[in-house]
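*Asks:* Contents of query32.csv (CSV, C-alpha atoms and all ligand atoms):
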```csv
chain,number,residue,atom,x,y,z
S,256,MET,CA,-30.4,-21.3,3.3
S,257,SER,CA,-30.9,-22.6,-0.2
S,258,THR,CA,-28.2,-24.2,-2.3
S,259,ASP,CA,-27.8,-24.2,-6.1
S,260,ARG,CA,-25.4,-26.1,-8.3
S,261,GLN,CA,-24.1,-24.9,-11.6
S,262,SER,CA,-21.8,-26.7,-13.9
S,263,SER,CA,-20.3,-23.7,-15.6
S,264,PRO,CA,-18.0,-21.1,-13.9
S,265,PRO,CA,-19.5,-17.9,-12.6
S,266,THR,CA,-20.3,-15.0,-15.0
S,267,PRO,CA,-17.1,-13.3,-16.3
S,268,ALA,CA,-16.3,-9.9,-14.9
S,269,ALA,CA,-17.5,-7.2,-17.3
S,270,THR,CA,-14.8,-5.2,-19.2
S,271,PRO,CA,-15.4,-1.5,-18.7
S,272,ALA,CA,-15.5,0.5,-22.0
S,273,GLY,CA,-12.4,2.4,-23.1
S,274,VAL,CA,-9.9,0.5,-21.0
S,275,ASP,CA,-6.2,0.5,-21.9
S,276,ALA,CA,-4.4,-2.7,-22.9
S,277,VAL,CA,-3.1,-3.4,-19.4
S,278,VAL,CA,-6.5,-3.2,-17.8
S,279,ALA,CA,-7.9,-5.3,-20.6
S,280,ASP,CA,-5.3,-7.9,-19.9
S,281,ASN,CA,-6.1,-7.7,-16.2
S,282,ASN,CA,-9.7,-8.4,-17.0
S,283,ARG,CA,-8.8,-11.4,-19.2
S,284,HIS,CA,-7.2,-12.9,-16.1
S,285,ASP,CA,-10.1,-12.0,-13.7
S,286,SER,CA,-13.3,-13.9,-14.2
S,287,LEU,CA,-14.5,-14.9,-10.7
S,288,ARG,CA,-16.7,-13.2,-8.0
S,289,PRO,CA,-17.5,-14.9,-4.7
S,290,LEU,CA,-20.4,-12.8,-3.5
S,291,ALA,CA,-23.4,-11.2,-5.2
S,292,TRP,CA,-26.4,-9.4,-3.9
S,293,GLN,CA,-29.3,-11.0,-5.8
S,294,GLY,CA,-32.9,-10.0,-5.2
S,295,ASN,CA,-33.1,-9.7,-1.4
S,296,ALA,CA,-30.4,-12.3,-0.6
S,297,LEU,CA,-26.7,-12.8,-0.6
S,298,ARG,CA,-25.5,-15.3,-3.1
S,299,VAL,CA,-22.3,-17.0,-1.9
S,300,LEU,CA,-20.0,-19.1,-4.1
S,301,ASP,CA,-19.6,-22.1,-1.8
S,302,GLN,CA,-15.8,-22.5,-1.4
S,303,ARG,CA,-16.1,-25.7,0.5
S,304,ARG,CA,-17.1,-27.5,-2.6
S,305,LEU,CA,-14.5,-26.1,-5.1
S,306,PRO,CA,-13.0,-27.2,-7.3
S,307,VAL,CA,-15.3,-30.2,-7.7
S,308,ASP,CA,-18.6,-28.3,-7.7
S,309,VAL,CA,-19.4,-24.7,-8.6
S,310,ALA,CA,-22.3,-24.3,-6.2
S,311,TYR,CA,-24.0,-21.4,-4.5
S,312,LEU,CA,-25.6,-20.7,-1.1
S,313,ASP,CA,-28.4,-18.2,-1.0
S,314,CYS,CA,-28.3,-16.5,2.4
S,315,SER,CA,-31.5,-14.7,3.4
S,316,THR,CA,-30.7,-14.1,7.1
S,317,ALA,CA,-27.8,-12.6,9.0
S,318,GLY,CA,-27.5,-15.9,10.9
S,319,GLN,CA,-27.0,-17.8,7.6
S,320,VAL,CA,-24.3,-15.3,6.6
S,321,ALA,CA,-22.6,-15.8,10.0
S,322,GLN,CA,-22.7,-19.6,9.5
S,323,ALA,CA,-21.4,-19.3,6.0
S,324,ILE,CA,-18.4,-17.3,7.4
S,325,THR,CA,-17.8,-19.7,10.3
S,326,ASP,CA,-18.0,-22.8,8.0
S,327,LEU,CA,-15.7,-21.2,5.4
S,328,ALA,CA,-18.3,-21.3,2.6
S,329,VAL,CA,-17.0,-17.7,2.2
S,330,ARG,CA,-13.4,-17.0,3.5
S,331,GLY,CA,-10.6,-14.6,3.0
S,332,ALA,CA,-10.3,-11.4,5.1
S,333,PRO,CA,-11.9,-8.9,2.7
S,334,ALA,CA,-14.6,-11.3,1.5
S,335,ILE,CA,-15.8,-12.0,5.0
S,336,GLY,CA,-15.9,-8.3,5.7
S,337,ILE,CA,-18.1,-7.8,2.6
S,338,ALA,CA,-20.3,-10.8,3.5
S,339,GLY,CA,-20.7,-9.4,7.1
S,340,ALA,CA,-21.9,-6.1,5.7
S,341,TYR,CA,-24.5,-7.8,3.6
S,342,GLY,CA,-25.5,-9.8,6.7
S,343,VAL,CA,-26.4,-6.5,8.4
S,344,VAL,CA,-28.6,-5.5,5.4
S,345,LEU,CA,-30.5,-8.8,5.8
S,346,ALA,CA,-30.9,-8.1,9.5
S,347,ALA,CA,-32.2,-4.7,8.7
S,348,GLN,CA,-34.7,-6.0,6.2
S,349,ALA,CA,-36.0,-8.5,8.8
S,350,ALA,CA,-36.3,-5.9,11.5
S,351,LEU,CA,-38.2,-3.5,9.3
S,352,ALA,CA,-40.5,-6.3,8.2
S,353,ALA,CA,-41.2,-7.0,11.9
S,354,GLY,CA,-42.1,-3.3,12.3
S,355,ASP,CA,-39.0,-2.4,14.3
S,356,GLU,CA,-37.2,0.8,13.2
S,357,ASP,CA,-34.8,1.2,16.1
S,358,PRO,CA,-31.2,0.6,15.1
S,359,ALA,CA,-30.6,-1.2,18.4
S,360,ALA,CA,-32.7,-4.1,16.9
S,361,LEU,CA,-29.6,-4.8,14.8
S,362,ASP,CA,-27.3,-5.4,17.8
S,363,PRO,CA,-27.8,-9.2,18.0
S,364,ALA,CA,-27.0,-9.5,14.3
S,365,PHE,CA,-23.8,-7.4,14.8
S,366,ASP,CA,-22.8,-9.6,17.7
S,367,LEU,CA,-23.5,-12.8,15.8
S,368,LEU,CA,-21.6,-11.7,12.7
S,369,GLU,CA,-18.6,-10.4,14.7
S,370,ARG,CA,-18.2,-13.7,16.5
S,371,ALA,CA,-18.2,-15.7,13.2
S,372,ARG,CA,-14.4,-15.5,12.9
S,373,PRO,CA,-11.8,-13.7,15.1
S,374,THR,CA,-8.5,-13.1,13.3
S,375,ALA,CA,-9.2,-11.0,10.2
S,376,VAL,CA,-9.9,-7.5,11.2
S,377,ASN,CA,-11.8,-6.8,8.0
S,378,LEU,CA,-14.9,-8.3,9.4
S,379,ALA,CA,-14.9,-6.1,12.5
S,380,TRP,CA,-14.0,-3.1,10.3
S,381,ALA,CA,-16.9,-3.6,7.9
S,382,LEU,CA,-19.3,-4.2,10.8
S,383,ALA,CA,-18.1,-1.0,12.5
S,384,ARG,CA,-18.8,1.0,9.3
S,385,MET,CA,-22.3,-0.5,9.1
S,386,ARG,CA,-23.0,0.1,12.8
S,387,ALA,CA,-21.9,3.8,12.5
S,388,GLU,CA,-24.1,4.3,9.4
S,389,ALA,CA,-27.1,2.8,11.2
S,390,ARG,CA,-26.5,5.0,14.2
S,391,ARG,CA,-26.0,8.1,12.0
S,392,VAL,CA,-29.3,7.6,10.3
S,393,GLY,CA,-31.0,6.8,13.6
S,394,ARG,CA,-33.6,4.4,12.2
S,395,ILE,CA,-33.4,1.2,10.3
S,396,ASP,CA,-32.8,2.0,6.6
S,397,PRO,CA,-32.1,-1.2,4.6
S,398,VAL,CA,-31.7,0.8,1.4
S,399,GLY,CA,-29.0,3.0,2.9
S,400,LEU,CA,-27.2,0.0,4.5
S,401,LEU,CA,-27.3,-1.9,1.2
S,402,ALA,CA,-25.7,1.1,-0.6
S,403,LEU,CA,-22.9,1.1,2.0
S,404,ALA,CA,-22.4,-2.7,1.7
S,405,GLN,CA,-22.1,-2.3,-2.1
S,406,THR,CA,-19.7,0.6,-1.6
S,407,ILE,CA,-17.5,-1.6,0.7
S,408,GLN,CA,-17.5,-4.3,-2.0
S,409,ALA,CA,-16.8,-1.9,-4.9
S,410,ASP,CA,-14.0,-0.1,-3.0
S,411,ASP,CA,-12.3,-3.5,-2.3
S,412,LEU,CA,-12.3,-4.3,-6.0
S,413,ALA,CA,-10.8,-0.9,-6.8
S,414,ALA,CA,-8.2,-1.3,-4.0
S,415,ASN,CA,-7.2,-4.7,-5.3
S,416,ARG,CA,-6.6,-3.5,-8.9
S,417,ARG,CA,-4.5,-0.6,-7.5
S,418,MET,CA,-2.5,-2.9,-5.3
S,419,GLY,CA,-2.0,-5.3,-8.3
S,420,ASP,CA,-0.3,-2.6,-10.2
S,421,LEU,CA,1.8,-1.3,-7.2
S,422,GLY,CA,2.9,-4.8,-6.3
S,423,ALA,CA,3.7,-5.9,-9.8
S,424,ALA,CA,5.9,-2.9,-10.3
S,425,LEU,CA,8.2,-4.3,-7.6
S,426,ILE,CA,8.7,-7.6,-9.4
S,427,GLU,CA,11.6,-7.6,-11.9
S,428,PRO,CA,10.8,-9.2,-15.3
S,429,GLY,CA,11.8,-12.9,-15.3
S,430,SER,CA,11.0,-13.5,-11.6
S,431,GLY,CA,9.4,-16.5,-10.1
S,432,VAL,CA,6.8,-16.1,-7.3
S,433,LEU,CA,5.5,-18.3,-4.5
S,434,THR,CA,2.1,-17.6,-3.0
S,435,HIS,CA,0.4,-19.2,0.0
S,436,CYS,CA,-3.3,-19.8,0.8
S,437,ASN,CA,-5.9,-18.1,-1.4
S,438,THR,CA,-5.8,-14.4,-1.7
S,439,GLY,CA,-7.5,-14.1,-5.0
S,440,SER,CA,-10.9,-13.1,-6.4
S,441,LEU,CA,-12.4,-15.8,-4.2
S,442,ALA,CA,-11.0,-14.1,-1.0
S,443,THR,CA,-12.0,-10.6,-1.9
S,444,ALA,CA,-14.6,-8.6,-3.9
S,445,GLY,CA,-12.6,-9.7,-6.9
S,446,PHE,CA,-9.1,-9.7,-8.5
S,447,GLY,CA,-7.4,-10.4,-5.1
S,448,THR,CA,-4.6,-9.0,-3.0
S,449,ALA,CA,-1.4,-11.1,-3.3
S,450,LEU,CA,-3.0,-13.0,-6.2
S,451,GLY,CA,-4.0,-9.7,-7.7
S,452,VAL,CA,-0.3,-8.8,-7.8
S,453,VAL,CA,0.3,-12.2,-9.5
S,454,ARG,CA,-2.5,-11.4,-12.0
S,455,ALA,CA,-1.1,-8.0,-12.8
S,456,ALA,CA,2.5,-9.2,-13.0
S,457,TRP,CA,1.4,-12.1,-15.2
S,458,ALA,CA,-0.5,-9.7,-17.5
S,459,GLN,CA,2.6,-7.5,-17.7
S,460,GLN,CA,4.7,-10.6,-18.6
S,461,ARG,CA,7.0,-10.2,-15.6
S,462,LEU,CA,6.7,-13.8,-14.3
S,463,SER,CA,8.8,-16.8,-15.2
S,464,ALA,CA,6.8,-19.1,-12.9
S,465,VAL,CA,4.0,-19.1,-10.3
S,466,PHE,CA,4.1,-21.6,-7.4
S,467,ALA,CA,1.3,-22.1,-5.0
S,468,SER,CA,1.5,-24.1,-1.8
S,469,GLU,CA,-1.2,-26.5,-0.9
S,470,THR,CA,-2.1,-24.8,2.4
S,471,ARG,CA,-2.9,-27.7,4.7
S,472,PRO,CA,-5.3,-28.5,6.2
S,473,TRP,CA,-8.1,-26.7,4.3
S,474,LEU,CA,-6.2,-26.7,1.0
S,475,GLN,CA,-6.9,-23.2,0.0
S,476,GLY,CA,-3.9,-23.3,-2.3
S,477,ALA,CA,-4.6,-26.6,-3.9
S,478,ARG,CA,-8.3,-26.3,-4.2
S,479,LEU,CA,-8.9,-22.6,-4.6
S,480,THR,CA,-5.7,-20.8,-5.8
S,481,ALA,CA,-4.9,-23.5,-8.4
S,482,TRP,CA,-8.5,-23.6,-9.7
S,483,GLU,CA,-8.7,-19.8,-9.8
S,484,LEU,CA,-5.5,-19.4,-11.7
S,485,GLN,CA,-6.6,-22.1,-14.1
S,486,GLN,CA,-9.9,-20.4,-14.7
S,487,ASP,CA,-8.0,-17.2,-15.5
S,488,HIS,CA,-5.4,-18.8,-17.8
S,489,ILE,CA,-2.3,-18.3,-15.5
S,490,PRO,CA,-0.1,-21.4,-15.3
S,491,VAL,CA,0.7,-22.5,-11.8
S,492,SER,CA,2.7,-25.2,-10.2
S,493,LEU,CA,1.4,-26.6,-7.0
S,494,ILE,CA,3.8,-27.6,-4.2
S,495,VAL,CA,3.3,-29.4,-0.9
S,496,ASP,CA,3.7,-26.9,2.0
S,497,SER,CA,6.9,-28.6,3.1
S,498,ALA,CA,8.5,-28.0,-0.3
S,499,GLY,CA,8.7,-24.2,0.2
S,500,ALA,CA,12.2,-23.9,1.6
S,501,HIS,CA,13.6,-26.4,-1.0
S,502,LEU,CA,11.9,-24.4,-3.8
S,503,MET,CA,13.6,-21.3,-2.6
S,504,SER,CA,17.0,-23.1,-2.4
S,505,THR,CA,16.7,-23.8,-6.2
S,506,GLY,CA,16.6,-20.1,-7.1
S,507,ARG,CA,13.3,-20.4,-8.9
S,508,VAL,CA,11.5,-17.8,-6.9
S,509,GLN,CA,12.5,-14.2,-6.1
S,510,TRP,CA,9.4,-13.2,-4.2
S,511,LEU,CA,7.1,-14.7,-1.6
S,512,VAL,CA,3.8,-12.8,-2.2
S,513,VAL,CA,1.1,-13.2,0.5
S,514,GLY,CA,-2.0,-11.6,1.9
S,515,ALA,CA,-2.9,-10.7,5.4
S,516,ASP,CA,-5.7,-11.0,7.9
S,517,ARG,CA,-4.5,-8.3,10.2
S,518,ILE,CA,-1.5,-6.1,10.1
S,519,ALA,CA,-0.5,-4.5,13.4
S,520,ALA,CA,0.8,-1.0,13.7
S,521,ASN,CA,4.4,-2.1,13.6
S,522,GLY,CA,3.9,-4.3,10.5
S,523,ASP,CA,3.7,-7.6,12.2
S,524,THR,CA,1.3,-9.6,10.0
S,525,ALA,CA,-1.2,-12.3,10.8
S,526,ASN,CA,-1.9,-14.6,7.8
S,527,LYS,CA,-2.6,-18.2,7.0
S,528,ILE,CA,-0.7,-20.8,9.0
S,529,GLY,CA,2.5,-21.6,7.3
S,530,THR,CA,3.3,-18.0,6.3
S,531,LEU,CA,5.7,-17.6,9.1
S,532,GLN,CA,7.8,-20.6,8.2
S,533,LEU,CA,7.9,-19.5,4.5
S,534,ALA,CA,9.0,-16.0,5.5
S,535,ILE,CA,11.8,-17.5,7.7
S,536,ALA,CA,12.9,-19.7,4.8
S,537,ALA,CA,12.7,-16.7,2.4
S,538,ARG,CA,15.0,-14.6,4.6
S,539,HIS,CA,17.5,-17.5,4.7
S,540,HIS,CA,17.5,-17.8,0.9
S,541,GLY,CA,17.4,-14.1,0.0
S,542,VAL,CA,13.8,-14.3,-1.3
S,543,ARG,CA,11.9,-11.1,-0.7
S,544,VAL,CA,8.6,-11.1,1.1
S,545,MET,CA,5.7,-8.9,-0.1
S,546,VAL,CA,2.5,-8.6,2.0
S,547,VAL,CA,-0.4,-7.2,0.0
S,548,ALA,CA,-3.6,-6.1,1.8
S,549,PRO,CA,-6.1,-3.2,1.7
S,550,SER,CA,-6.0,-0.6,4.4
S,551,SER,CA,-9.1,-2.3,5.9
S,552,THR,CA,-6.7,-5.1,7.0
S,553,VAL,CA,-4.4,-2.6,8.9
S,554,ASP,CA,-5.2,-2.5,12.6
S,555,LEU,CA,-3.5,0.6,14.0
S,556,ALA,CA,-5.0,-0.1,17.4
S,557,MET,CA,-3.0,-3.3,17.6
S,558,ALA,CA,0.6,-2.3,18.6
S,559,ASP,CA,2.2,-5.5,17.4
S,560,GLY,CA,1.4,-9.1,16.5
S,561,ALA,CA,1.5,-10.4,20.0
S,562,GLY,CA,-2.1,-9.3,20.7
S,563,ILE,CA,-3.7,-10.8,17.6
S,564,ASP,CA,-6.3,-13.5,18.3
S,565,ILE,CA,-5.3,-16.6,16.4
S,566,GLU,CA,-8.3,-18.7,15.4
S,567,LEU,CA,-8.1,-22.3,16.6
S,568,ARG,CA,-10.3,-24.7,14.5
S,569,ASP,CA,-11.5,-28.2,15.0
S,570,GLY,CA,-8.7,-30.8,14.9
S,571,ALA,CA,-10.8,-32.9,12.6
S,572,GLU,CA,-9.8,-30.6,9.8
S,573,VAL,CA,-6.3,-32.0,10.3
S,574,THR,CA,-7.2,-35.6,10.9
S,575,HIS,CA,-9.9,-36.0,8.3
S,576,LEU,CA,-10.4,-35.1,4.7
S,577,GLY,CA,-13.9,-35.2,3.2
S,578,GLY,CA,-15.1,-37.1,6.3
S,579,GLN,CA,-12.5,-39.8,5.8
S,580,PRO,CA,-9.6,-40.2,8.4
S,581,THR,CA,-6.2,-39.4,7.1
S,582,ALA,CA,-4.4,-39.8,10.4
S,583,ALA,CA,-4.3,-42.2,13.3
S,584,ALA,CA,-7.1,-41.6,15.8
S,585,VAL,CA,-5.3,-38.8,17.8
S,586,THR,CA,-6.2,-35.3,18.7
S,587,ALA,CA,-4.8,-32.5,16.6
S,588,TRP,CA,-3.9,-28.8,17.4
S,589,ASN,CA,-5.2,-26.6,14.6
S,590,PRO,CA,-4.2,-23.0,14.7
S,591,VAL,CA,-5.2,-21.6,11.3
S,592,PHE,CA,-3.1,-18.4,11.3
S,593,ASP,CA,0.3,-17.3,12.4
S,594,VAL,CA,2.1,-14.0,12.8
S,595,THR,CA,5.1,-13.1,10.7
S,596,PRO,CA,7.2,-10.4,12.4
S,597,ALA,CA,7.7,-7.2,10.5
S,598,THR,CA,11.5,-7.8,10.5
S,599,LEU,CA,10.9,-10.6,7.9
S,600,ILE,CA,8.8,-8.5,5.6
S,601,ASP,CA,10.4,-6.4,2.7
S,602,ALA,CA,7.3,-4.5,1.5
S,603,ILE,CA,3.7,-4.0,2.6
S,604,VAL,CA,1.5,-2.9,-0.3
S,605,THR,CA,-1.9,-1.3,0.4
S,606,GLU,CA,-4.0,0.7,-2.1
S,607,HIS,CA,-2.3,3.8,-0.8
S,608,GLY,CA,1.2,2.8,-1.8
S,609,VAL,CA,4.2,0.6,-1.0
S,610,VAL,CA,5.4,0.8,2.6
S,611,ARG,CA,9.0,-0.2,3.4
S,612,PRO,CA,10.6,-1.0,6.8
S,613,PRO,CA,10.3,0.4,9.4
S,614,PHE,CA,6.6,0.1,8.7
S,615,GLY,CA,5.1,2.0,11.6
S,616,PRO,CA,5.4,5.5,10.1
S,617,GLY,CA,4.3,4.5,6.6
S,618,LEU,CA,1.3,2.6,7.9
S,619,ARG,CA,0.3,5.4,10.2
S,620,ALA,CA,0.6,8.0,7.4
S,621,ALA,CA,-1.7,6.0,5.0
S,622,PRO,CA,-5.4,6.7,5.6
S,623,ALA,CA,-7.0,3.7,7.5
S,624,GLY,CA,-9.8,1.9,5.7
S,625,ARG,CA,-12.6,4.4,5.3
I,701,LIG,O1,-8.9,-19.2,6.6
I,701,LIG,P1,-9.0,-18.3,5.4
I,701,LIG,O2,-9.0,-19.1,4.2
I,701,LIG,O3,-10.0,-17.3,5.5
I,701,LIG,O4,-7.6,-17.6,5.4
I,701,LIG,C1,-7.3,-16.7,4.4
I,701,LIG,C2,-6.0,-16.1,4.5
I,701,LIG,O5,-5.2,-16.3,5.4
I,701,LIG,C3,-5.6,-15.1,3.4
I,701,LIG,O6,-4.3,-15.1,3.1
I,701,LIG,C4,-6.0,-13.6,3.9
I,701,LIG,O7,-7.3,-13.7,4.4
I,701,LIG,C5,-5.9,-12.6,2.8
I,701,LIG,S1,-7.2,-12.9,1.6
I,701,LIG,C6,-7.0,-11.6,0.5
```
Would you mind writing the file's structure down as structure tokens?
Ligand code: MRU
*Replies:*
Amino acid sequence: MSTDRQSSPPTPAATPAGVDAVVADNNRHDSLRPLAWQGNALRVLDQRRLPVDVAYLDCSTAGQVAQAITDLAVRGAPAIGIAGAYGVVLAAQAALAAGDEDPAALDPAFDLLERARPTAVNLAWALARMRAEARRVGRIDPVGLLALAQTIQADDLAANRRMGDLGAALIEPGSGVLTHCNTGSLATAGFGTALGVVRAAWAQQRLSAVFASETRPWLQGARLTAWELQQDHIPVSLIVDSAGAHLMSTGRVQWLVVGADRIAANGDTANKIGTLQLAIAARHHGVRVMVVAPSSTVDLAMADGAGIDIELRDGAEVTHLGGQPTAAAVTAWNPVFDVTPATLIDAIVTEHGVVRPPFGPGLRAAPAGR
């Protein structure tokens, strides 16, 4: 896997011709892309190094893509699904180069990629689509698989823009919002889910203030969300994770807007650790909770949140920062997601519309990710 450093931010997203003012405004606040297929490799914006370095990894094997997902070089539910799909393309190229045309030759790569991270269903969802396509064709066809990976990526961007408009419409002008983790362009094909709603609401001049929580231990809020909003000219105030309830008590935020890694059939939502305590605080303070996620995050096979596999990561992520100890020499318990019960959520926004409680019927009625 090769690395590449660059001092300037990634290429701005192109503005399609003939767009109306709102779309133009959205584009003004949407300049980052975490994944690009270049030549015969997947170029990954290395999120471990942001905001200090804008650097890239060029992944040319499925194993390198799986490692980039496990190591959080690429992270965020939709983004790891897209990366996984490109990982399958790389495996297909390698198999064909070795003279193997049997789709079963891809099975080890599917297994490797699927094991890279457990909680976000988008990874398994994207791999299932790629596997179905490989089986349908009946032989290894990297060109067809590449086209599908690119479709998954393009559909995610379109879904995010749609959700941005749907979610922004729920936010009364003059509102403040709090968001947690990073759900933006960096976590998706582009534009973002919850952060896409923030982008759209900002472009529509609905927001009085945007707050982002640091998101210990990996600091997705401090390192990624704050940087991403800064790149896109949206003012943001960073808070420590433990300031969320106090912020709500001051009346400065009317919505908690978050993404999701897996939404169960009843609306229970797995998301970044800390979402649950923010949702509990929000209910106490009359702050509404909006979950924003594409239908590829909805897992109708999961009846409720109790069955969701919560990833446990190395305790060193809690006790160390940049290799330096920040705690006494003890062990740490490091679950990186939690489950917010559906009863604490006011609205779930997918690209198909806004679903209100009880969520079951609305989630079942919307087409699942294609
Ligand atoms: O561990 P991460 O950084 O992959 O966790 C990301 C989150 O929890 C996001 O909120 C979620 O994936 C939605 S991203 C649009």
*Asks:* Rounded to one decimal in Å, what is the spacing between atom CA of S:Leu300 and atom CA of S:Thr374?
*Replies:* 21.7 Å
*Asks:* One decimal, Å: what's the distance from atom CA of S:Thr316 over to atom CA of S:Glu566, could you say?
*Replies:*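 About the pair atom CA of S:Thr316 and atom CA of S:Glu566: they are 24.3 Å apart.
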*Asks:* Which residue, S:Pro306, S:Pro549, S:Gly451, S:Gly419, has the smallest gap to S:Ile407 when you use all atoms listed in the file?
*Replies:* S:Pro549
*Asks:* What residues of the protein or nucleic acid chains come within 7 Å of ligand LIG 701 (chain I) when you use all atoms listed in the file? Reply as a count of residues only.
*Replies:* 26
*Asks:* What does the structure give for the distance between atom CA of S:Leu441 and atom CA of S:Asp301, in Å to one decimal?
*Replies:*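 Spanning atom CA of S:Leu441 to atom CA of S:Asp301 is a straight-line distance of 9.9 Å.
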*Asks:* Counting all atoms listed in the file, find the residues whose atoms lie at most 9 Å from (-35.6, -1.6, 12.0) (file coordinates) and write them out as a PyMOL selection string.
*Replies:* chain S and resi 346-361+394-397
*Asks:* Since the input has fewer atoms than a full residue there, write stretch 585-591 of chain S out with all heavy atoms, as a short mmCIF file (atom, residue, chain, number, x, y, z; two decimals), in the frame of the given file.
*Replies:*
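Generated output (result03.cif):
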```cif
data_model
loop_
_atom_site.label_atom_id
_atom_site.label_comp_id
_atom_site.auth_asym_id
_atom_site.auth_seq_id
_atom_site.Cartn_x
_atom_site.Cartn_y
_atom_site.Cartn_z
N VAL S 585 -5.95 -39.68 16.75
CA VAL S 585 -5.30 -38.80 17.80
C VAL S 585 -6.01 -37.48 17.74
O VAL S 585 -6.74 -37.16 16.80
CB VAL S 585 -3.82 -38.69 17.56
CG1 VAL S 585 -3.12 -40.04 17.70
CG2 VAL S 585 -3.54 -38.07 16.20
N THR S 586 -5.71 -36.66 18.76
CA THR S 586 -6.20 -35.30 18.70
C THR S 586 -5.21 -34.46 17.86
O THR S 586 -4.04 -34.84 17.70
CB THR S 586 -6.31 -34.66 20.09
OG1 THR S 586 -5.04 -34.75 20.72
CG2 THR S 586 -7.36 -35.37 20.92
N ALA S 587 -5.66 -33.33 17.32
CA ALA S 587 -4.80 -32.50 16.60
C ALA S 587 -4.94 -31.03 17.06
O ALA S 587 -6.03 -30.63 17.50
CB ALA S 587 -5.13 -32.52 15.07
N TRP S 588 -3.84 -30.28 17.03
CA TRP S 588 -3.90 -28.80 17.40
C TRP S 588 -3.91 -28.09 16.06
O TRP S 588 -3.06 -28.31 15.19
CB TRP S 588 -2.60 -28.51 18.17
CG TRP S 588 -2.51 -27.07 18.61
CD1 TRP S 588 -3.42 -26.39 19.37
CD2 TRP S 588 -1.44 -26.16 18.32
NE1 TRP S 588 -2.98 -25.09 19.57
CE2 TRP S 588 -1.77 -24.93 18.95
CE3 TRP S 588 -0.25 -26.25 17.60
CZ2 TRP S 588 -0.95 -23.81 18.86
CZ3 TRP S 588 0.57 -25.14 17.53
CH2 TRP S 588 0.23 -23.93 18.16
N ASN S 589 -4.89 -27.21 15.88
CA ASN S 589 -5.20 -26.60 14.60
C ASN S 589 -5.27 -25.11 14.58
O ASN S 589 -6.35 -24.57 14.33
CB ASN S 589 -6.43 -27.29 13.99
CG ASN S 589 -6.70 -26.88 12.55
OD1 ASN S 589 -5.81 -26.43 11.83
ND2 ASN S 589 -7.95 -27.03 12.12
N PRO S 590 -4.16 -24.41 14.87
CA PRO S 590 -4.20 -23.00 14.70
C PRO S 590 -4.19 -22.64 13.22
O PRO S 590 -3.37 -23.18 12.49
CB PRO S 590 -2.90 -22.49 15.38
CG PRO S 590 -1.97 -23.64 15.22
CD PRO S 590 -2.81 -24.90 15.21
N VAL S 591 -5.07 -21.76 12.75
CA VAL S 591 -5.20 -21.60 11.30
C VAL S 591 -4.52 -20.29 10.79
O VAL S 591 -4.56 -20.02 9.59
CB VAL S 591 -6.63 -21.72 10.80
CG1 VAL S 591 -7.16 -23.11 11.14
CG2 VAL S 591 -7.54 -20.64 11.34
#
```
